[in-house]
Amino acid sequence: MMVPEVTVPESIHLLLRRARRKLLAGDLSVRLVAFIGIAAAAGAVLLAVARRVVVPWAEPAVVAAAVAAVVLAVTVTIWRRPSNQRTALEVDIRLEGRDRISTAVELSAMESRSGLGDRQIESAAAWASGRTLDRFGSVGPSRRLVVLAAIAVGAALLLAIPSSPADARLRDRQAIEDILDREADRIEAIAGTTKDPATRDELLRAAEELRNAASLEDAIRQLGETRQQLNDAADPAALPLNTALAGLDKKLEQDRLGAGQSAAEQLRDLADRAGSLTPEERTQAAQTIADLAEAVAGVDADLSKALEDAADALAGNGDPSDALRDAADRLDAAADRVAAQGDRTDAQAAVRDAQQNLADQQAQNQGNNPGQGNNPGQGNNPGQGNNPGQGNNPGQGNNPGQGN
C-alpha cells in the first residue's frame with residue numbers, strides 16, 4: 001500500500017529537508033562508530049588469542065569485519081532514514097517549536113481539515129520561514145560511545161601491528177616447510193628417473209619424510225638414515241662387474257657373434273641362427289664365448305658358468321639355442337645389477353646434497369658458520385667409499401666419507 005505524499009508549505013518543507021539531512025548524517029555517524037567499535041572489540045579478542053595460538057586468518061578476519069561494519073552502517077541508515085514525522089518532532093524539540101511543525105505535518109496529511117487546522121499550518125509556516133538549524137544541536141555519537149569505540153580500535157591496532165610470537169612461529173614454520181618441500185621435490189625428481197624399484201621407493205619415502213619433518217634437525221637426521229640405508233644396499237662387486245661387461249662389449253666389437261650392440265643381443269642373434277651355423281662357425285663362436293666366460297670368472301660366477309655352458313653347447317653336436325639365450329639373460333641381469341648400483345649412487349648424491357643444504361640452512365638460522373656440527377657425511381657415513389661410482393656419477397668410490 002502506497003503512502004500518499006504529504007504536501008506542506010514550502011518554508012516547512014525546506015526546514016524539514018535540512019533537518020532530515022542532518023539527522024541522516026547523525027544516524028550514520030552513530031552507527032559507524034558503534035558498529036566499528038563492536039567489530040574492533042571482537043577483533044581485539046581474536047587478535048589476543050592469535051598472539052598465543054596460531055590463527056593465520058586473524059588479521060584478514062578483523063579487516064573484513066571492519067569493512068562489513070561500514071557497509072552495514074550505511075545500509076541500515078539508508079534503509080531506516082528519518083521519516084517526516086520523526087524529523088518534525090526533532091525540529092520541534094530542538095528548536096522549541098512547541099509542536100508547530102509536527103502538528104502541521106499531521107494536519108497536512110489529512111484529506112479534510114477545519115479552518116483552525118489551516119490557520120495552524122499557516123502559523124507553523126510563518127514560524128519556519130527563515131528559521132535556521134544553528135540551535136539544532138549535535139546529532140552525532142555521544143562522547144562515551146566515541147571513547148569506547150576508540151579504545152576498541154586502539155586495542156585492535158596495538159595487537160595487530162606488532163608481530164605476535166604465534167605469527168613469528170608460523171612464519172618460521174612456513175619457511176622451513178618451503179625449504180623441505182623444495183628438497184623433497186628434488187629428491188622426487190631423481191626418483192622419477194630411477195629404474196631400480198628399491199632405490200626409487202627409498203627416495204620416495206625420504207621425500208615424504210621430508211615433507212612431514214617437524215624441524216630441520218629431524219629432516220637432517222632422517223636423510224642421514226636414508227643415506228645409511230642406501231649405503232648398506234650398495235653392491236661392492238658392481239664396479240668390477242661394470243668393467244668386465246665393458247670389456248665383453250669391446251671384445252665383441254672385434255669378434256662379433258651376431259647382430260646387435262651388446263653382448264646379450266649378439267648371443268640372442270646367434271641363438272636364432274644356431275641351426276644354420278657351419279662346424280667351423282660353431283667352433284669359432286664357442287672359443288669366443290669361452291674367452292668371455294674366463295674374463296668374468298672372478299667377478300660373477302653365475303654369469304661365467306652360463307657362458308661356459310653356452311660355449312660347451314656350441315662345441316657339441318646338440319642345439320645350443322637354450323644355452324645361448326640363458327647366457328644372454330644372465331648378461332642382462334648383470335647389466336641390471338650395474339644399473340641398480342648406478343641408481344643407488346645417484347640417489348646417495350641427491351640425498352647427500354639435500355642433507356647438506358638443510359644443514360647449511362640450519363646453521364644460517366642459528367647464526368653459526370655453515371657446516372659446523374651438523375654437516376652431514378662427516379664421520380657418520382663412511383660407507384661412501386663402498387660405492388663403486390656406477391651410472392652417471394663415476395668416481396664416487398674414490399672419495400670415501402665425503403660430506404661436502
# chains A, B, ... in the order shown; residues from 1 in each chain; ligands from 1
>>> select_by_dssp(residues="segment 39-131 of chain A", states="helix (DSSP H, G or I)", output="ChimeraX atom specification")
/A:39-50,58-79,84-94,100-109,115-128
>>> closest_atom_pairs(of="segment 212-267 of chain A", to="segment 320-336 of chain A", cutoff="9 Å", atoms="only C-alpha atoms", output="CSV")
residue,atom,partner,partner_atom,distance
A:Ala238,CA,A:Ala334,CA,8.7
A:Leu241,CA,A:Ala334,CA,7.5
A:Asn242,CA,A:Ala335,CA,7.6
A:Leu245,CA,A:Ala335,CA,7.6
A:Ala263,CA,A:Ala328,CA,7.4
A:Ala264,CA,A:Ala328,CA,4.3
A:Glu265,CA,A:Ala328,CA,7.2
A:Gln266,CA,A:Ala328,CA,8.3
A:Leu267,CA,A:Ala328,CA,5.8
>>> residues_around(residues="segment 254-257 of chain A", least_positions_apart="5", cutoff="10 Å", atoms="only C-alpha atoms", output="ChimeraX atom specification")
/A:249,263,265-271,281,284-286,288-289
>>> write_last_selection(atoms="N, CA, C and O atoms", output="mmCIF file, in the first residue's frame")
data_model
loop_
_atom_site.group_PDB
_atom_site.id
_atom_site.type_symbol
_atom_site.label_atom_id
_atom_site.label_comp_id
_atom_site.auth_asym_id
_atom_site.auth_seq_id
_atom_site.Cartn_x
_atom_site.Cartn_y
_atom_site.Cartn_z
ATOM 1 N N ASP A 249 81.806 -56.175 -24.151
ATOM 2 C CA ASP A 249 81.267 -55.435 -25.303
ATOM 3 C C ASP A 249 82.391 -55.017 -26.251
ATOM 4 O O ASP A 249 82.228 -55.071 -27.487
ATOM 5 N N ALA A 263 76.529 -57.539 -25.818
ATOM 6 C CA ALA A 263 76.846 -58.972 -25.858
ATOM 7 C C ALA A 263 75.586 -59.811 -25.795
ATOM 8 O O ALA A 263 75.477 -60.851 -26.469
ATOM 9 N N GLU A 265 72.582 -59.071 -26.892
ATOM 10 C CA GLU A 265 71.882 -59.029 -28.183
ATOM 11 C C GLU A 265 72.576 -59.947 -29.204
ATOM 12 O O GLU A 265 71.908 -60.642 -29.986
ATOM 13 N N GLN A 266 73.888 -59.965 -29.182
ATOM 14 C CA GLN A 266 74.613 -60.819 -30.125
ATOM 15 C C GLN A 266 74.409 -62.292 -29.795
ATOM 16 O O GLN A 266 74.291 -63.127 -30.709
ATOM 17 N N LEU A 267 74.356 -62.649 -28.530
ATOM 18 C CA LEU A 267 74.116 -64.040 -28.159
ATOM 19 C C LEU A 267 72.723 -64.489 -28.590
ATOM 20 O O LEU A 267 72.546 -65.635 -29.049
ATOM 21 N N ARG A 268 71.734 -63.618 -28.450
ATOM 22 C CA ARG A 268 70.380 -63.991 -28.875
ATOM 23 C C ARG A 268 70.317 -64.137 -30.397
ATOM 24 O O ARG A 268 69.624 -65.028 -30.911
ATOM 25 N N ASP A 269 70.989 -63.267 -31.103
ATOM 26 C CA ASP A 269 71.010 -63.408 -32.557
ATOM 27 C C ASP A 269 71.707 -64.708 -32.963
ATOM 28 O O ASP A 269 71.275 -65.403 -33.894
ATOM 29 N N LEU A 270 72.784 -65.047 -32.223
ATOM 30 C CA LEU A 270 73.481 -66.300 -32.503
ATOM 31 C C LEU A 270 72.572 -67.490 -32.217
ATOM 32 O O LEU A 270 72.589 -68.499 -32.962
ATOM 33 N N ALA A 271 71.769 -67.406 -31.152
ATOM 34 C CA ALA A 271 70.842 -68.496 -30.830
ATOM 35 C C ALA A 271 69.807 -68.674 -31.936
ATOM 36 O O ALA A 271 69.424 -69.804 -32.278
ATOM 37 N N GLU A 281 82.060 -72.325 -37.856
ATOM 38 C CA GLU A 281 81.466 -71.161 -37.192
ATOM 39 C C GLU A 281 81.110 -71.480 -35.743
ATOM 40 O O GLU A 281 81.305 -70.644 -34.845
ATOM 41 N N GLN A 284 84.408 -71.537 -33.773
ATOM 42 C CA GLN A 284 84.929 -70.188 -33.540
ATOM 43 C C GLN A 284 84.085 -69.431 -32.513
ATOM 44 O O GLN A 284 84.631 -68.760 -31.630
ATOM 45 N N ALA A 285 82.757 -69.553 -32.607
ATOM 46 C CA ALA A 285 81.880 -68.884 -31.647
ATOM 47 C C ALA A 285 82.059 -69.454 -30.256
ATOM 48 O O ALA A 285 82.050 -68.727 -29.250
ATOM 49 N N ALA A 286 82.249 -70.799 -30.175
ATOM 50 C CA ALA A 286 82.447 -71.431 -28.864
ATOM 51 C C ALA A 286 83.707 -70.901 -28.205
ATOM 52 O O ALA A 286 83.737 -70.650 -26.984
ATOM 53 N N THR A 288 85.138 -67.959 -28.714
ATOM 54 C CA THR A 288 84.923 -66.556 -28.308
ATOM 55 C C THR A 288 84.135 -66.489 -27.005
ATOM 56 O O THR A 288 84.471 -65.717 -26.085
ATOM 57 N N ILE A 289 83.085 -67.314 -26.904
ATOM 58 C CA ILE A 289 82.259 -67.290 -25.684
ATOM 59 C C ILE A 289 83.043 -67.843 -24.505
ATOM 60 O O ILE A 289 82.902 -67.372 -23.365
#
>>> closest_residue(among="A:Val67, A:Leu252, A:Leu292, A:Ala340", to="Leu230 of chain A", atoms="only C-alpha atoms")
A:Ala340
>>> closest_residue(among="A:Pro279, A:Gly258, A:Gly97, A:Gly247", to="Ala293 of chain A", atoms="only C-alpha atoms")
A:Gly247
>>> closest_residue(among="A:Gly260, A:Gly130, A:Pro9, A:Gly275", to="Ala104 of chain A", atoms="only C-alpha atoms")
A:Pro9
>>> closest_residue(among="A:Ser129, A:Ser114, A:Thr199, A:Gln261", to="Ala350 of chain A", atoms="only C-alpha atoms")
A:Thr199
>>> atom_distance(atom1="atom CA of Gly37 of chain A", atom2="atom CA of Val139 of chain A")
18.3 Å
>>> atom_distance(atom1="atom CA of Asp172 of chain A", atom2="atom CA of Ala41 of chain A")
28.8 Å
>>> atom_distance(atom1="atom CA of Leu15 of chain A", atom2="atom CA of Trp127 of chain A")
10.4 Å
>>> residues_around(residues="Arg21 of chain A", least_positions_apart="6", cutoff="10 Å", atoms="only C-alpha atoms", output="short mmCIF file (atom, residue, chain, number, x, y, z; two decimals) with all heavy atoms, in the first residue's frame")
data_model
loop_
_atom_site.label_atom_id
_atom_site.label_comp_id
_atom_site.auth_asym_id
_atom_site.auth_seq_id
_atom_site.Cartn_x
_atom_site.Cartn_y
_atom_site.Cartn_z
N ASP A 27 22.69 9.88 12.25
CA ASP A 27 22.42 8.44 12.39
C ASP A 27 23.57 7.62 11.82
O ASP A 27 23.99 6.61 12.40
CB ASP A 27 21.12 8.07 11.67
CG ASP A 27 19.89 8.62 12.38
OD1 ASP A 27 20.04 9.07 13.54
OD2 ASP A 27 18.79 8.59 11.79
N ARG A 81 16.08 5.59 7.07
CA ARG A 81 16.30 7.04 7.05
C ARG A 81 15.15 7.76 7.77
O ARG A 81 14.02 7.23 7.82
CB ARG A 81 16.45 7.54 5.62
CG ARG A 81 15.30 7.22 4.71
CD ARG A 81 15.66 7.64 3.27
NE ARG A 81 14.61 7.31 2.35
CZ ARG A 81 14.46 6.14 1.74
NH1 ARG A 81 15.34 5.17 2.00
NH2 ARG A 81 13.49 5.92 0.90
N PRO A 82 15.40 8.93 8.30
CA PRO A 82 14.39 9.64 9.11
C PRO A 82 13.11 9.94 8.30
O PRO A 82 13.18 10.40 7.15
CB PRO A 82 15.10 10.93 9.51
CG PRO A 82 16.56 10.62 9.41
CD PRO A 82 16.67 9.67 8.28
N THR A 87 11.39 13.69 11.82
CA THR A 87 12.12 14.94 11.59
C THR A 87 11.38 16.14 12.19
O THR A 87 11.97 17.03 12.81
CB THR A 87 12.33 15.15 10.08
OG1 THR A 87 12.97 14.00 9.52
CG2 THR A 87 13.19 16.38 9.82
#
>>> residues_around(residues="segment 182-190 of chain A", least_positions_apart="6", cutoff="9 Å", atoms="only C-alpha atoms", output="ChimeraX atom specification")
/A:200,203-204,206-211,346-347,350-351,353-355,357-358
>>> write_last_selection(atoms="N, CA, C and O atoms", output="PDB file, in the first residue's frame")
ATOM      1  N   ARG A 200      64.137 -46.416  -5.918  1.00  0.00           N
ATOM      2  CA  ARG A 200      63.066 -45.440  -6.149  1.00  0.00           C
ATOM      3  C   ARG A 200      62.138 -45.352  -4.938  1.00  0.00           C
ATOM      4  O   ARG A 200      61.771 -44.247  -4.498  1.00  0.00           O
ATOM      5  N   LEU A 203      63.813 -43.415  -2.157  1.00  0.00           N
ATOM      6  CA  LEU A 203      63.824 -41.970  -2.398  1.00  0.00           C
ATOM      7  C   LEU A 203      62.444 -41.361  -2.164  1.00  0.00           C
ATOM      8  O   LEU A 203      62.331 -40.280  -1.574  1.00  0.00           O
ATOM      9  N   LEU A 204      61.402 -42.032  -2.622  1.00  0.00           N
ATOM     10  CA  LEU A 204      60.053 -41.506  -2.402  1.00  0.00           C
ATOM     11  C   LEU A 204      59.712 -41.473  -0.920  1.00  0.00           C
ATOM     12  O   LEU A 204      59.050 -40.539  -0.442  1.00  0.00           O
ATOM     13  N   ALA A 206      61.901 -41.090   1.467  1.00  0.00           N
ATOM     14  CA  ALA A 206      62.686 -39.990   2.032  1.00  0.00           C
ATOM     15  C   ALA A 206      62.024 -38.644   1.739  1.00  0.00           C
ATOM     16  O   ALA A 206      61.989 -37.755   2.606  1.00  0.00           O
ATOM     17  N   ALA A 207      61.485 -38.483   0.534  1.00  0.00           N
ATOM     18  CA  ALA A 207      60.807 -37.231   0.190  1.00  0.00           C
ATOM     19  C   ALA A 207      59.564 -37.028   1.047  1.00  0.00           C
ATOM     20  O   ALA A 207      59.290 -35.911   1.520  1.00  0.00           O
ATOM     21  N   GLU A 208      58.815 -38.096   1.276  1.00  0.00           N
ATOM     22  CA  GLU A 208      57.615 -37.990   2.123  1.00  0.00           C
ATOM     23  C   GLU A 208      57.992 -37.640   3.556  1.00  0.00           C
ATOM     24  O   GLU A 208      57.328 -36.833   4.214  1.00  0.00           O
ATOM     25  N   GLU A 209      59.054 -38.243   4.061  1.00  0.00           N
ATOM     26  CA  GLU A 209      59.507 -37.924   5.420  1.00  0.00           C
ATOM     27  C   GLU A 209      59.957 -36.470   5.514  1.00  0.00           C
ATOM     28  O   GLU A 209      59.757 -35.819   6.553  1.00  0.00           O
ATOM     29  N   LEU A 210      60.582 -35.971   4.458  1.00  0.00           N
ATOM     30  CA  LEU A 210      60.995 -34.569   4.460  1.00  0.00           C
ATOM     31  C   LEU A 210      59.783 -33.650   4.602  1.00  0.00           C
ATOM     32  O   LEU A 210      59.805 -32.689   5.377  1.00  0.00           O
ATOM     33  N   ARG A 211      58.744 -33.910   3.841  1.00  0.00           N
ATOM     34  CA  ARG A 211      57.556 -33.047   3.884  1.00  0.00           C
ATOM     35  C   ARG A 211      56.891 -33.078   5.257  1.00  0.00           C
ATOM     36  O   ARG A 211      56.254 -32.104   5.664  1.00  0.00           O
ATOM     37  N   ASP A 346      73.505 -42.350  -7.640  1.00  0.00           N
ATOM     38  CA  ASP A 346      72.829 -41.077  -7.905  1.00  0.00           C
ATOM     39  C   ASP A 346      71.915 -40.683  -6.745  1.00  0.00           C
ATOM     40  O   ASP A 346      71.823 -39.506  -6.380  1.00  0.00           O
ATOM     41  N   ALA A 347      71.238 -41.679  -6.184  1.00  0.00           N
ATOM     42  CA  ALA A 347      70.335 -41.405  -5.062  1.00  0.00           C
ATOM     43  C   ALA A 347      71.111 -40.908  -3.855  1.00  0.00           C
ATOM     44  O   ALA A 347      70.699 -39.967  -3.166  1.00  0.00           O
ATOM     45  N   ALA A 350      72.011 -37.332  -4.378  1.00  0.00           N
ATOM     46  CA  ALA A 350      70.868 -36.430  -4.208  1.00  0.00           C
ATOM     47  C   ALA A 350      70.533 -36.245  -2.726  1.00  0.00           C
ATOM     48  O   ALA A 350      70.274 -35.126  -2.264  1.00  0.00           O
ATOM     49  N   VAL A 351      70.537 -37.339  -1.978  1.00  0.00           N
ATOM     50  CA  VAL A 351      70.227 -37.256  -0.547  1.00  0.00           C
ATOM     51  C   VAL A 351      71.325 -36.494   0.191  1.00  0.00           C
ATOM     52  O   VAL A 351      71.045 -35.683   1.085  1.00  0.00           O
ATOM     53  N   ASP A 353      73.237 -34.131  -1.041  1.00  0.00           N
ATOM     54  CA  ASP A 353      73.096 -32.706  -1.347  1.00  0.00           C
ATOM     55  C   ASP A 353      71.950 -32.084  -0.564  1.00  0.00           C
ATOM     56  O   ASP A 353      72.062 -30.956  -0.047  1.00  0.00           O
ATOM     57  N   ALA A 354      70.833 -32.799  -0.472  1.00  0.00           N
ATOM     58  CA  ALA A 354      69.691 -32.281   0.290  1.00  0.00           C
ATOM     59  C   ALA A 354      70.049 -32.127   1.762  1.00  0.00           C
ATOM     60  O   ALA A 354      69.712 -31.121   2.403  1.00  0.00           O
ATOM     61  N   GLN A 355      70.750 -33.107   2.297  1.00  0.00           N
ATOM     62  CA  GLN A 355      71.157 -33.048   3.699  1.00  0.00           C
ATOM     63  C   GLN A 355      72.100 -31.870   3.942  1.00  0.00           C
ATOM     64  O   GLN A 355      71.979 -31.153   4.945  1.00  0.00           O
ATOM     65  N   ASN A 357      72.273 -29.083   2.146  1.00  0.00           N
ATOM     66  CA  ASN A 357      71.506 -27.839   2.019  1.00  0.00           C
ATOM     67  C   ASN A 357      70.732 -27.532   3.288  1.00  0.00           C
ATOM     68  O   ASN A 357      70.667 -26.374   3.736  1.00  0.00           O
ATOM     69  N   LEU A 358      70.125 -28.552   3.866  1.00  0.00           N
ATOM     70  CA  LEU A 358      69.371 -28.338   5.103  1.00  0.00           C
ATOM     71  C   LEU A 358      70.298 -27.993   6.265  1.00  0.00           C
ATOM     72  O   LEU A 358      69.946 -27.160   7.110  1.00  0.00           O
TER      73      LEU A 358
END
